[in-house]
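Trainee: Next comes entry_28.cif, mmCIF, C-alpha atoms:
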```cif
data_run
#
loop_
_atom_site.group_PDB
_atom_site.id
_atom_site.type_symbol
_atom_site.label_atom_id
_atom_site.label_comp_id
_atom_site.auth_asym_id
_atom_site.auth_seq_id
_atom_site.Cartn_x
_atom_site.Cartn_y
_atom_site.Cartn_z
ATOM 1 C CA MET A 1 -176.806 25.579 31.182
ATOM 2 C CA PRO A 2 -173.350 26.459 29.917
ATOM 3 C CA LYS A 3 -172.356 30.057 30.247
ATOM 4 C CA LYS A 4 -172.258 32.077 27.062
ATOM 5 C CA LYS A 5 -168.734 32.947 26.077
ATOM 6 C CA LYS A 6 -168.100 36.642 26.491
ATOM 7 C CA THR A 7 -166.789 38.438 23.439
ATOM 8 C CA SER A 8 -163.384 39.754 24.346
ATOM 9 C CA ALA A 9 -162.312 43.282 23.495
ATOM 10 C CA SER A 10 -159.649 41.904 21.157
ATOM 11 C CA ALA A 11 -162.299 40.265 19.002
ATOM 12 C CA ALA A 12 -163.940 43.617 18.284
ATOM 13 C CA PRO A 13 -163.605 44.650 14.658
ATOM 14 C CA PRO A 14 -160.670 46.955 14.107
ATOM 15 C CA GLN A 15 -161.387 50.657 13.758
ATOM 16 C CA PRO A 16 -161.860 51.648 10.118
ATOM 17 C CA PRO A 17 -159.198 53.980 8.735
ATOM 18 C CA GLN A 18 -159.804 57.719 8.690
ATOM 19 C CA VAL A 19 -158.409 60.328 6.358
ATOM 20 C CA TYR A 20 -156.988 63.720 7.333
ATOM 21 C CA GLU A 21 -155.440 66.760 5.729
ATOM 22 C CA ALA A 22 -151.642 66.332 5.846
ATOM 23 C CA SER A 23 -148.621 68.580 5.942
ATOM 24 C CA LEU A 24 -144.931 67.738 6.030
ATOM 25 C CA GLY A 25 -142.959 68.401 9.193
ATOM 26 C CA ALA A 26 -139.333 68.090 10.184
ATOM 27 C CA GLY A 27 -137.482 64.817 9.650
ATOM 28 C CA GLY A 28 -139.962 63.578 7.062
ATOM 29 C CA ALA A 29 -142.816 63.579 9.593
ATOM 30 C CA VAL A 30 -146.371 63.769 8.296
ATOM 31 C CA ARG A 31 -148.654 65.947 10.444
ATOM 32 C CA LYS A 32 -152.361 65.280 10.298
ATOM 33 C CA GLY A 33 -154.833 68.166 10.240
ATOM 34 C CA LEU A 34 -158.594 68.239 9.857
ATOM 35 C CA LEU A 35 -160.609 65.049 9.468
ATOM 36 C CA LEU A 36 -161.905 64.677 5.882
ATOM 37 C CA THR A 37 -164.525 62.670 4.052
ATOM 38 C CA THR A 38 -163.154 60.611 1.180
ATOM 39 C CA THR A 39 -164.807 63.045 -1.263
ATOM 40 C CA GLN A 40 -163.009 65.968 0.378
ATOM 41 C CA ALA A 41 -159.765 63.981 0.376
ATOM 42 C CA GLU A 42 -160.075 63.260 -3.345
ATOM 43 C CA ALA A 43 -160.728 66.943 -4.093
ATOM 44 C CA ARG A 44 -157.660 67.867 -2.063
ATOM 45 C CA ARG A 45 -155.568 65.348 -3.983
ATOM 46 C CA ARG A 46 -156.807 66.624 -7.332
ATOM 47 C CA ALA A 47 -155.560 70.036 -6.205
ATOM 48 C CA GLY A 48 -152.110 68.597 -5.521
ATOM 49 C CA GLN A 49 -152.351 68.764 -1.719
ATOM 50 C CA ASP A 50 -151.414 66.025 0.736
ATOM 51 C CA VAL A 51 -153.735 63.753 2.726
ATOM 52 C CA VAL A 52 -152.982 60.929 5.171
ATOM 53 C CA VAL A 53 -154.928 57.756 5.969
ATOM 54 C CA CYS A 54 -154.638 56.702 9.615
ATOM 55 C CA GLY A 55 -155.720 53.501 11.324
ATOM 56 C CA PRO A 56 -154.461 50.372 13.037
ATOM 57 C CA THR A 57 -154.638 48.005 10.027
ATOM 58 C CA LEU A 58 -152.021 48.318 7.296
ATOM 59 C CA SER A 59 -154.037 46.634 4.543
ATOM 60 C CA ALA A 60 -157.126 48.767 5.261
ATOM 61 C CA ASN A 61 -155.064 51.967 5.293
ATOM 62 C CA ARG A 62 -153.327 51.027 2.054
ATOM 63 C CA SER A 63 -156.587 50.087 0.376
ATOM 64 C CA LEU A 64 -158.326 53.353 1.276
ATOM 65 C CA ALA A 65 -155.263 55.424 0.322
ATOM 66 C CA GLY A 66 -155.133 53.674 -3.065
ATOM 67 C CA ALA A 67 -158.835 54.249 -3.699
ATOM 68 C CA ILE A 68 -158.519 57.971 -2.875
ATOM 69 C CA GLU A 69 -155.522 58.458 -5.168
ATOM 70 C CA ARG A 70 -157.024 56.491 -8.064
ATOM 71 C CA ASN A 71 -160.401 58.233 -7.806
ATOM 72 C CA ALA A 72 -158.657 61.602 -7.710
ATOM 73 C CA ASN A 73 -155.917 61.139 -10.294
ATOM 74 C CA GLY A 74 -156.372 57.872 -12.208
ATOM 75 C CA ASN A 75 -153.311 55.614 -12.323
ATOM 76 C CA ALA A 76 -151.254 55.537 -9.141
ATOM 77 C CA ARG A 77 -148.182 53.868 -7.708
ATOM 78 C CA ARG A 78 -147.149 53.107 -4.142
ATOM 79 C CA CYS A 79 -143.831 54.442 -2.927
ATOM 80 C CA PRO A 80 -142.192 53.154 0.244
ATOM 81 C CA PRO A 81 -140.308 55.636 2.450
ATOM 82 C CA HIS A 82 -136.891 56.618 1.162
ATOM 83 C CA ALA A 83 -133.669 56.437 3.104
ATOM 84 C CA ARG A 84 -133.099 60.181 3.624
ATOM 85 C CA ALA A 85 -136.704 61.067 4.432
ATOM 86 C CA GLY A 86 -136.271 60.179 8.095
ATOM 87 C CA LEU A 87 -137.731 57.678 10.522
ATOM 88 C CA ARG A 88 -141.123 59.366 10.490
ATOM 89 C CA ALA A 89 -141.622 59.353 6.713
ATOM 90 C CA LEU A 90 -144.710 57.455 5.550
ATOM 91 C CA PRO A 91 -145.309 55.335 2.462
ATOM 92 C CA HIS A 92 -147.650 56.943 -0.007
ATOM 93 C CA TYR A 93 -149.536 56.769 -3.256
ATOM 94 C CA GLN A 94 -148.821 59.273 -5.986
ATOM 95 C CA PRO A 95 -150.096 59.740 -9.545
ATOM 96 C CA ASP A 96 -148.394 57.645 -12.219
ATOM 97 C CA PRO A 97 -147.176 59.661 -13.980
ATOM 98 C CA ARG A 98 -147.275 63.017 -12.206
ATOM 99 C CA PRO A 99 -148.708 65.694 -12.106
ATOM 100 C CA PRO A 100 -150.422 66.678 -9.864
ATOM 101 C CA ALA A 101 -148.020 67.071 -6.998
ATOM 102 C CA GLY A 102 -148.668 65.757 -3.511
ATOM 103 C CA HIS A 103 -149.201 62.391 -1.889
ATOM 104 C CA THR A 104 -151.784 60.170 -0.257
ATOM 105 C CA PHE A 105 -149.791 58.963 2.750
ATOM 106 C CA TYR A 106 -150.839 56.006 4.894
ATOM 107 C CA GLU A 107 -149.804 54.699 8.291
ATOM 108 C CA THR A 108 -148.118 51.338 8.873
ATOM 109 C CA PRO A 109 -147.379 49.388 12.078
ATOM 110 C CA HIS A 110 -143.893 50.975 12.045
ATOM 111 C CA ARG A 111 -144.751 54.511 11.005
ATOM 112 C CA GLN A 112 -147.503 56.839 12.141
ATOM 113 C CA ALA A 113 -148.542 60.427 11.434
ATOM 114 C CA LEU A 114 -148.129 63.035 14.149
ATOM 115 C CA MET B 1 -122.444 61.238 -25.627
ATOM 116 C CA LYS B 2 -124.945 58.417 -25.979
ATOM 117 C CA HIS B 3 -124.931 55.869 -23.163
ATOM 118 C CA PRO B 4 -125.056 52.192 -23.988
ATOM 119 C CA THR B 5 -127.810 50.272 -22.244
ATOM 120 C CA ASP B 6 -126.505 47.234 -20.398
ATOM 121 C CA LYS B 7 -128.324 44.111 -19.359
ATOM 122 C CA PRO B 8 -127.488 43.286 -15.753
ATOM 123 C CA SER B 9 -126.138 39.792 -15.107
ATOM 124 C CA SER B 10 -126.745 40.259 -11.390
ATOM 125 C CA PRO B 11 -128.932 42.671 -9.424
ATOM 126 C CA VAL B 12 -127.626 46.219 -9.823
ATOM 127 C CA MET B 13 -129.271 47.794 -6.794
ATOM 128 C CA ARG B 14 -128.185 46.177 -3.515
ATOM 129 C CA PHE B 15 -130.844 47.497 -1.149
ATOM 130 C CA PHE B 16 -133.733 49.242 -2.893
ATOM 131 C CA THR B 17 -134.193 46.789 -5.734
ATOM 132 C CA PRO B 18 -136.824 47.154 -8.473
ATOM 133 C CA GLU B 19 -138.039 43.674 -7.560
ATOM 134 C CA LEU B 20 -138.757 44.733 -3.968
ATOM 135 C CA TYR B 21 -140.413 47.913 -5.241
ATOM 136 C CA LEU B 22 -142.731 45.812 -7.432
ATOM 137 C CA LEU B 23 -143.580 43.510 -4.497
ATOM 138 C CA PHE B 24 -144.361 46.612 -2.424
ATOM 139 C CA ASN B 25 -146.858 47.523 -5.155
ATOM 140 C CA SER B 26 -148.446 44.071 -5.271
ATOM 141 C CA PRO B 27 -152.267 43.962 -5.304
ATOM 142 C CA ASP B 28 -152.005 40.903 -3.003
ATOM 143 C CA ASP B 29 -152.211 42.141 0.599
ATOM 144 C CA GLU B 30 -150.006 39.382 2.024
ATOM 145 C CA VAL B 31 -147.278 40.026 -0.536
ATOM 146 C CA ALA B 32 -147.505 43.798 -0.027
ATOM 147 C CA ASP B 33 -147.401 43.438 3.787
ATOM 148 C CA ARG B 34 -144.303 41.241 3.546
ATOM 149 C CA ALA B 35 -142.684 43.734 1.169
ATOM 150 C CA ASP B 36 -143.434 46.509 3.656
ATOM 151 C CA GLU B 37 -141.461 44.575 6.303
ATOM 152 C CA ASP B 38 -138.681 43.805 3.827
ATOM 153 C CA TRP B 39 -138.431 47.481 2.866
ATOM 154 C CA GLU B 40 -138.037 48.432 6.539
ATOM 155 C CA LYS B 41 -135.200 45.890 6.775
ATOM 156 C CA ALA B 42 -133.607 47.288 3.597
ATOM 157 C CA LEU B 43 -133.719 50.807 5.088
ATOM 158 C CA GLN B 44 -131.996 49.563 8.267
ATOM 159 C CA GLU B 45 -129.388 47.586 6.318
ATOM 160 C CA TYR B 46 -128.641 50.570 4.091
ATOM 161 C CA GLN B 47 -128.275 52.809 7.141
ATOM 162 C CA ARG B 48 -125.779 50.356 8.688
ATOM 163 C CA HIS B 49 -123.945 50.145 5.350
ATOM 164 C CA LEU B 50 -123.721 53.952 5.121
ATOM 165 C CA ASP B 51 -122.586 54.278 8.748
ATOM 166 C CA ALA B 52 -119.733 51.857 8.041
ATOM 167 C CA LEU B 53 -118.829 53.594 4.785
ATOM 168 C CA ARG B 54 -119.094 57.192 5.984
ATOM 169 C CA PRO B 55 -115.602 57.477 7.573
ATOM 170 C CA ARG B 56 -114.060 56.495 4.217
ATOM 171 C CA MET B 57 -116.109 58.940 2.179
ATOM 172 C CA PRO B 58 -114.750 62.318 1.133
ATOM 173 C CA SER B 59 -117.003 65.155 2.247
ATOM 174 C CA GLN B 60 -118.505 65.583 -1.246
ATOM 175 C CA VAL B 61 -119.579 61.935 -1.395
ATOM 176 C CA ARG B 62 -121.006 62.189 2.140
ATOM 177 C CA ALA B 63 -123.026 65.190 0.988
ATOM 178 C CA LEU B 64 -124.324 63.132 -1.950
ATOM 179 C CA ALA B 65 -125.322 60.323 0.411
ATOM 180 C CA ASP B 66 -127.284 62.853 2.498
ATOM 181 C CA LEU B 67 -129.030 64.490 -0.457
ATOM 182 C CA CYS B 68 -132.693 63.557 -0.908
ATOM 183 C CA LEU B 69 -133.804 63.762 -4.541
ATOM 184 C CA HIS B 70 -136.783 61.404 -4.323
ATOM 185 C CA ASP B 71 -139.413 62.436 -6.880
ATOM 186 C CA ALA B 72 -137.075 64.832 -8.723
ATOM 187 C CA GLU B 73 -137.791 64.900 -12.459
ATOM 188 C CA PHE B 74 -134.990 63.637 -14.701
ATOM 189 C CA LEU B 75 -133.767 66.305 -17.132
ATOM 190 C CA ASP B 76 -130.503 65.093 -18.640
ATOM 191 C CA LEU B 77 -127.420 62.932 -18.212
ATOM 192 C CA SER B 78 -124.284 63.771 -20.168
ATOM 193 C CA GLN B 79 -120.865 62.171 -20.019
ATOM 194 C CA GLU B 80 -117.728 63.494 -21.701
ATOM 195 C CA PRO B 81 -114.227 62.007 -21.509
ATOM 196 C CA GLN B 82 -111.492 64.655 -21.234
ATOM 197 C CA PRO B 83 -107.752 64.190 -21.689
ATOM 198 C CA ILE B 84 -105.833 65.177 -18.539
ATOM 199 C CA VAL B 85 -102.592 65.510 -20.502
ATOM 200 C CA ALA B 86 -103.108 67.031 -23.940
ATOM 201 C CA GLY B 87 -101.862 64.816 -26.805
ATOM 202 C CA GLU B 88 -98.162 64.502 -26.025
ATOM 203 C CA PRO B 89 -96.273 62.785 -28.841
ATOM 204 C CA PHE B 90 -95.035 59.248 -28.076
ATOM 205 C CA GLN B 91 -97.321 58.974 -25.147
ATOM 206 C CA TYR B 92 -98.033 55.272 -24.638
ATOM 207 C CA PHE B 93 -100.604 55.599 -21.867
ATOM 208 C CA PRO B 94 -102.787 58.648 -22.411
ATOM 209 C CA LEU B 95 -104.443 59.857 -19.217
ATOM 210 C CA TRP B 96 -108.121 60.495 -19.336
ATOM 211 C CA SER B 97 -110.652 61.722 -16.914
ATOM 212 C CA ALA B 98 -114.360 61.845 -17.443
ATOM 213 C CA VAL B 99 -117.112 63.936 -16.019
ATOM 214 C CA ALA B 100 -120.797 63.117 -16.007
ATOM 215 C CA ILE B 101 -123.471 65.689 -15.289
ATOM 216 C CA LEU B 102 -126.884 64.543 -14.107
ATOM 217 C CA SER B 103 -129.562 67.233 -14.030
ATOM 218 C CA VAL B 104 -132.869 66.834 -12.218
ATOM 219 C CA LYS B 105 -135.627 69.195 -11.139
ATOM 220 C CA GLN B 106 -137.132 68.966 -7.674
ATOM 221 C CA GLU B 107 -140.076 71.317 -7.226
ATOM 222 C CA ARG B 108 -138.614 74.771 -8.044
ATOM 223 C CA LYS B 109 -134.981 73.721 -7.796
ATOM 224 C CA VAL B 110 -132.780 72.396 -10.591
ATOM 225 C CA TRP B 111 -129.935 70.213 -9.332
ATOM 226 C CA SER B 112 -126.777 69.451 -11.281
ATOM 227 C CA LEU B 113 -124.725 66.555 -9.946
ATOM 228 C CA ILE B 114 -121.241 66.795 -11.441
ATOM 229 C CA TYR B 115 -119.388 63.496 -11.057
ATOM 230 C CA LEU B 116 -115.688 62.877 -11.567
ATOM 231 C CA LEU B 117 -115.717 59.332 -12.944
ATOM 232 C CA TRP B 118 -113.382 56.345 -12.625
ATOM 233 C CA ASP B 119 -115.250 54.329 -15.265
ATOM 234 C CA ARG B 120 -118.101 54.814 -17.716
ATOM 235 C CA VAL B 121 -121.665 55.395 -16.569
ATOM 236 C CA ARG B 122 -123.840 52.319 -16.993
ATOM 237 C CA GLU B 123 -127.538 52.461 -17.716
ATOM 238 C CA TYR B 124 -129.725 49.406 -17.291
ATOM 239 C CA ALA B 125 -133.129 49.177 -18.946
ATOM 240 C CA ALA B 126 -136.253 48.255 -16.997
ATOM 241 C CA ALA B 127 -137.683 44.774 -17.037
ATOM 242 C CA GLN B 128 -140.009 44.389 -20.030
ATOM 243 C CA ASP B 129 -143.026 43.892 -17.789
ATOM 244 C CA TRP B 130 -142.367 47.034 -15.714
ATOM 245 C CA PRO B 131 -145.953 48.069 -14.999
ATOM 246 C CA PHE B 132 -145.558 51.794 -14.383
ATOM 247 C CA SER B 133 -145.513 54.794 -16.666
ATOM 248 C CA LYS B 134 -142.318 55.441 -18.589
ATOM 249 C CA SER B 135 -143.176 59.080 -19.241
ATOM 250 C CA ARG B 136 -141.950 61.938 -17.032
ATOM 251 C CA LYS B 137 -139.107 59.841 -15.667
ATOM 252 C CA HIS B 138 -138.270 60.755 -12.084
ATOM 253 C CA TRP B 139 -135.927 59.719 -9.304
ATOM 254 C CA LEU B 140 -137.229 56.980 -7.013
ATOM 255 C CA TYR B 141 -134.447 55.567 -4.816
ATOM 256 C CA ASP B 142 -130.678 55.683 -4.783
ATOM 257 C CA GLU B 143 -127.784 54.164 -2.909
ATOM 258 C CA VAL B 144 -124.102 54.974 -2.491
ATOM 259 C CA ASP B 145 -121.687 52.039 -2.429
ATOM 260 C CA THR B 146 -117.963 51.353 -2.806
ATOM 261 C CA GLY B 147 -116.428 50.310 -6.081
ATOM 262 C CA PRO B 148 -115.041 46.766 -6.245
ATOM 263 C CA ASP B 149 -111.693 46.542 -4.386
ATOM 264 C CA HIS B 150 -111.219 50.287 -4.347
ATOM 265 C CA ARG B 151 -111.309 52.163 -1.088
ATOM 266 C CA ASP B 152 -111.497 55.573 -2.742
ATOM 267 C CA ARG B 153 -113.859 54.709 -5.556
ATOM 268 C CA PHE B 154 -117.607 54.789 -5.170
ATOM 269 C CA LEU B 155 -120.770 53.853 -7.010
ATOM 270 C CA HIS B 156 -123.972 55.847 -7.081
ATOM 271 C CA ARG B 157 -126.949 53.779 -8.228
ATOM 272 C CA ILE B 158 -130.296 55.392 -9.001
ATOM 273 C CA LEU B 159 -133.586 53.600 -9.626
ATOM 274 C CA PHE B 160 -135.888 55.744 -11.773
ATOM 275 C CA SER B 161 -139.664 55.660 -12.084
ATOM 276 C CA ASP B 162 -139.519 54.022 -15.530
ATOM 277 C CA GLY B 163 -137.719 51.054 -13.954
ATOM 278 C CA SER B 164 -134.322 51.934 -15.407
ATOM 279 C CA ILE B 165 -131.202 52.039 -13.241
ATOM 280 C CA THR B 166 -128.209 54.312 -13.712
ATOM 281 C CA GLU B 167 -124.915 53.323 -12.079
ATOM 282 C CA ILE B 168 -122.327 56.089 -11.807
ATOM 283 C CA PRO B 169 -118.756 55.141 -10.822
ATOM 284 C CA LEU B 170 -117.406 58.220 -9.063
ATOM 285 C CA VAL B 171 -114.319 59.461 -7.341
ATOM 286 C CA SER B 172 -115.923 62.712 -6.293
ATOM 287 C CA VAL B 173 -119.034 64.743 -6.915
ATOM 288 C CA ILE B 174 -120.330 68.286 -6.619
ATOM 289 C CA ALA B 175 -124.039 68.898 -6.128
ATOM 290 C CA SER B 176 -125.235 72.321 -7.133
ATOM 291 C CA GLY B 177 -128.829 73.521 -6.855
ATOM 292 C CA VAL B 178 -130.379 76.594 -8.455
ATOM 293 C CA THR B 179 -133.842 77.780 -7.453
ATOM 294 C CA LEU B 180 -135.987 78.802 -10.399
ATOM 295 C CA PRO B 181 -137.863 82.086 -10.193
ATOM 296 C CA THR B 182 -141.592 81.843 -9.516
ATOM 297 C CA PRO B 183 -143.779 82.474 -12.595
ATOM 298 C CA GLU B 184 -144.524 85.997 -11.300
ATOM 299 C CA GLU B 185 -140.801 86.761 -10.950
ATOM 300 C CA GLY B 186 -139.717 85.103 -14.175
ATOM 301 C CA ASP B 187 -142.434 86.132 -16.625
ATOM 302 C CA PRO B 188 -142.419 89.871 -17.430
ATOM 303 C CA ALA B 189 -145.764 89.521 -19.245
ATOM 304 C CA ARG B 190 -147.354 88.256 -16.047
ATOM 305 C CA GLN B 191 -145.778 91.060 -14.068
ATOM 306 C CA ILE B 192 -147.300 93.603 -16.427
ATOM 307 C CA ALA B 193 -150.658 91.844 -16.396
#
```
For the structure just supplied, provide its representation as structure tokens.
Mentor:
Amino acid sequence: MPKKKKTSASAAPPQPPQVYEASLGAGGAVRKGLLLTTTQAEARRRAGQDVVVCGPTLSANRSLAGAIERNANGNARRCPPHARAGLRALPHYQPDPRPPAGHTFYETPHRQAL
Amino acid sequence: MKHPTDKPSSPVMRFFTPELYLLFNSPDDEVADRADEDWEKALQEYQRHLDALRPRMPSQVRALADLCLHDAEFLDLSQEPQPIVAGEPFQYFPLWSAVAILSVKQERKVWSLIYLLWDRVREYAAAQDWPFSKSRKHWLYDEVDTGPDHRDRFLHRILFSDGSITEIPLVSVIASGVTLPTPEEGDPARQIA
């Protein structure tokens, strides 16, 4: 009887993204704080405060970040990092148009929160 | 002075183009992922470009290149030509200089960028299908470049949230920021209440 193929660790589904409180640090860095539910994250965004979506998969992070921003503030746009924000700056969603202030940041393969 | 709106015959922005910005915002994951990579490359290319340009920049232009006004709300842009030599009779080649003042508000700070110009400011309208809001215009991305064939002439290009681009041909610039008082400080009625 042929041996059953073992499922390798790499075939495991990627971790789903998680959302945290966020604050801005030096050099454009985004610092993550307390873990939030999406409902808490949306409330924080409605109040103009920052949140950050963290995880290993860019498309999943982007999708969750977009959903949070749109649920909180309606229309949204994605903004890539800008040249002077530093190497640790993250892309983000923001209301279109503003207000409120603040951002829903998300991690990418090149850029992670601290 | 009212600014004419030009139609670009070639891309105005060299690095942070509106086209790349739109791809970055694509609902298609593959397109958006590719745009994410392309934006990283644009950031690196712009950094190399600035590093090469920096030794030729006067200190005021270097300060402009280091200023981060992302998300600042557009307030006003004015441009006034001024005669350097007041109307001398029989003057065949009158000398003119021009100054443009761009005012933006970033959080509680109002910035005035005062440019000494070598040519007129050009404003380019957004593509007709620009999908984002045109209200509350704010600063998205900018780049500093050299003018064509001029070592001491520069260009400052700004992409705004409504998709428009402003190109400012400058010799020098002064950036001045004033912090607005908080509502408690600035509103006597509130202070009394």
Trainee: Would you mind reading off the distance between CA of Leu20 (chain B) and CA of Trp39 (chain B), one decimal, in Å?
Mentor: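 Spanning CA of Leu20 (chain B) to CA of Trp39 (chain B) is a straight-line distance of 7.4 Å.
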Trainee: Could you give me, as a Markdown table, a per-residue list for chain A showing, wherever an atom lies at most 7 Å from an atom of chain B, the closest pair of atoms and their distance in Å to one decimal, using all atoms listed in the file and sorting by chain then residue number from low to high?
Mentor:
```
| residue | atom | partner | partner_atom | distance |
| --- | --- | --- | --- | --- |
| A:Ser59 | CA | B:Asp29 | CA | 6.3 |
| A:Arg77 | CA | B:Asn25 | CA | 7.0 |
| A:Arg78 | CA | B:Asn25 | CA | 5.7 |
| A:His82 | CA | B:Tyr141 | CA | 6.5 |
| A:Ala83 | CA | B:Leu43 | CA | 6.0 |
| A:Arg84 | CA | B:Cys68 | CA | 5.7 |
| A:Asp96 | CA | B:Ser133 | CA | 6.0 |
| A:Pro97 | CA | B:Ser133 | CA | 5.8 |
```
Trainee: Translate the PyMOL selection byres ((chain A and resi 45) around 12), as applied to the file shown, into an explicit residue set as a ChimeraX atom specification.
Mentor: /A:19-22,36,38-44,46-52,65-74,76,93-95,98-105
Trainee: So that I can check the surroundings of region 53-58 of chain A, please list as a list in words every protein, DNA and RNA residue that reaches within 9 Å of it, counting all atoms listed in the file and ignoring chain neighbours fewer than 3 positions away.
Mentor: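 What passes the distance filter is Pro14, Gln15, Pro16, Pro17, Gln18, Val19, Tyr20, Lys32, Asn61, Arg62, Ser63, Leu64, Ala65, Thr104, Phe105, Tyr106, Glu107, Thr108, Pro109, Gln112 and Ala113 of chain A; Asp33 of chain B.
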Trainee: With C-alpha atoms retained, write the just-selected residues as a compact mmCIF listing (two decimals), keeping the file's coordinate frame.
Mentor:
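Output file again27.txt follows:
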```
# COMPACT_ATOMS: atom_id res chain seq x y z
CA PRO A 14 -160.67 46.96 14.11
CA GLN A 15 -161.39 50.66 13.76
CA PRO A 16 -161.86 51.65 10.12
CA PRO A 17 -159.20 53.98 8.74
CA GLN A 18 -159.80 57.72 8.69
CA VAL A 19 -158.41 60.33 6.36
CA TYR A 20 -156.99 63.72 7.33
CA LYS A 32 -152.36 65.28 10.30
CA ASN A 61 -155.06 51.97 5.29
CA ARG A 62 -153.33 51.03 2.05
CA SER A 63 -156.59 50.09 0.38
CA LEU A 64 -158.33 53.35 1.28
CA ALA A 65 -155.26 55.42 0.32
CA THR A 104 -151.78 60.17 -0.26
CA PHE A 105 -149.79 58.96 2.75
CA TYR A 106 -150.84 56.01 4.89
CA GLU A 107 -149.80 54.70 8.29
CA THR A 108 -148.12 51.34 8.87
CA PRO A 109 -147.38 49.39 12.08
CA GLN A 112 -147.50 56.84 12.14
CA ALA A 113 -148.54 60.43 11.43
CA ASP B 33 -147.40 43.44 3.79
```
Trainee: Kindly provide, as JSON, the centre and edge lengths (Å, one decimal) of an axis-aligned box around all atoms of region 50-56 of chain B given in the file, with 5 Å on each side.
Mentor:
```
{"center_x": -118.9, "center_y": 54.7, "center_z": 6.5, "size_x": 19.7, "size_y": 15.6, "size_z": 14.5}
```
Trainee: Once the PyMOL selection byres ((chain B and resi 179) around 8) has been applied to the shown file, what residues remain in the selection, as a VMD selection string?
Mentor: chain B and resid 108 to 110 177 to 178 180 to 181
Trainee: Show me the residues close to (-125.9, 69.7, -9.1) - anything with an atom within 9 Å, counting all atoms listed in the file - and format the list as a list in words.
Mentor: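 So the residues meeting the distance criterion are Ile101, Leu102, Ser103, Val104, Val110, Trp111, Ser112, Leu113, Ile114, Val173, Ile174, Ala175, Ser176, Gly177 and Val178 of chain B.
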Trainee: Apply the PyMOL selection byres ((chain B and resi 61) around 10) to the file shown and report the selected residues as a list in words.
Mentor: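 Residues picked by the PyMOL selection byres ((chain B and resi 61) around 10): Arg54, Arg56, Met57, Pro58, Ser59, Gln60, Arg62, Ala63, Leu64, Ala65, Asp66, Leu67, Tyr115, Val144, Phe154, Leu155, His156, Leu170, Val171, Ser172, Val173, Ile174 and Ala175 of chain B.
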Trainee: Let me see the file: selected residues, C-alpha atoms, as a compact mmCIF listing (two decimals), keeping the file's coordinate frame.
Mentor:
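Once everything was written out, this is result_33.txt:
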```txt
# COMPACT_ATOMS: atom_id res chain seq x y z
CA ARG B 54 -119.09 57.19 5.98
CA ARG B 56 -114.06 56.50 4.22
CA MET B 57 -116.11 58.94 2.18
CA PRO B 58 -114.75 62.32 1.13
CA SER B 59 -117.00 65.16 2.25
CA GLN B 60 -118.50 65.58 -1.25
CA ARG B 62 -121.01 62.19 2.14
CA ALA B 63 -123.03 65.19 0.99
CA LEU B 64 -124.32 63.13 -1.95
CA ALA B 65 -125.32 60.32 0.41
CA ASP B 66 -127.28 62.85 2.50
CA LEU B 67 -129.03 64.49 -0.46
CA TYR B 115 -119.39 63.50 -11.06
CA VAL B 144 -124.10 54.97 -2.49
CA PHE B 154 -117.61 54.79 -5.17
CA LEU B 155 -120.77 53.85 -7.01
CA HIS B 156 -123.97 55.85 -7.08
CA LEU B 170 -117.41 58.22 -9.06
CA VAL B 171 -114.32 59.46 -7.34
CA SER B 172 -115.92 62.71 -6.29
CA VAL B 173 -119.03 64.74 -6.92
CA ILE B 174 -120.33 68.29 -6.62
CA ALA B 175 -124.04 68.90 -6.13
```
Trainee: Could you work out how far CA of Glu167 (chain B) lies from CA of Val121 (chain B), giving the answer in Å with one decimal?
Mentor: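 Result for CA of Val121 (chain B) versus CA of Glu167 (chain B): 5.9 Å, one decimal.
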Trainee: What would region 46-54 of chain B look like with N, CA and C atoms in place, written as a compact mmCIF listing (two decimals), in the coordinates of the input?
Mentor:
```txt
# COMPACT_ATOMS: atom_id res chain seq x y z
N TYR B 46 -129.32 49.50 4.83
CA TYR B 46 -128.64 50.57 4.09
C TYR B 46 -128.05 51.58 5.07
N GLN B 47 -128.78 51.87 6.15
CA GLN B 47 -128.28 52.81 7.14
C GLN B 47 -126.99 52.27 7.78
N ARG B 48 -126.99 50.97 8.11
CA ARG B 48 -125.78 50.36 8.69
C ARG B 48 -124.63 50.41 7.69
N HIS B 49 -124.94 50.11 6.43
CA HIS B 49 -123.94 50.14 5.35
C HIS B 49 -123.34 51.56 5.23
N LEU B 50 -124.21 52.57 5.25
CA LEU B 50 -123.72 53.95 5.12
C LEU B 50 -122.88 54.35 6.34
N ASP B 51 -123.33 53.94 7.53
CA ASP B 51 -122.59 54.28 8.75
C ASP B 51 -121.17 53.71 8.68
N ALA B 52 -121.06 52.49 8.14
CA ALA B 52 -119.73 51.86 8.04
C ALA B 52 -118.88 52.54 6.97
N LEU B 53 -119.54 53.02 5.93
CA LEU B 53 -118.83 53.59 4.78
C LEU B 53 -118.44 55.05 5.02
N ARG B 54 -119.21 55.74 5.84
CA ARG B 54 -119.09 57.19 5.98
C ARG B 54 -117.67 57.66 6.33
```
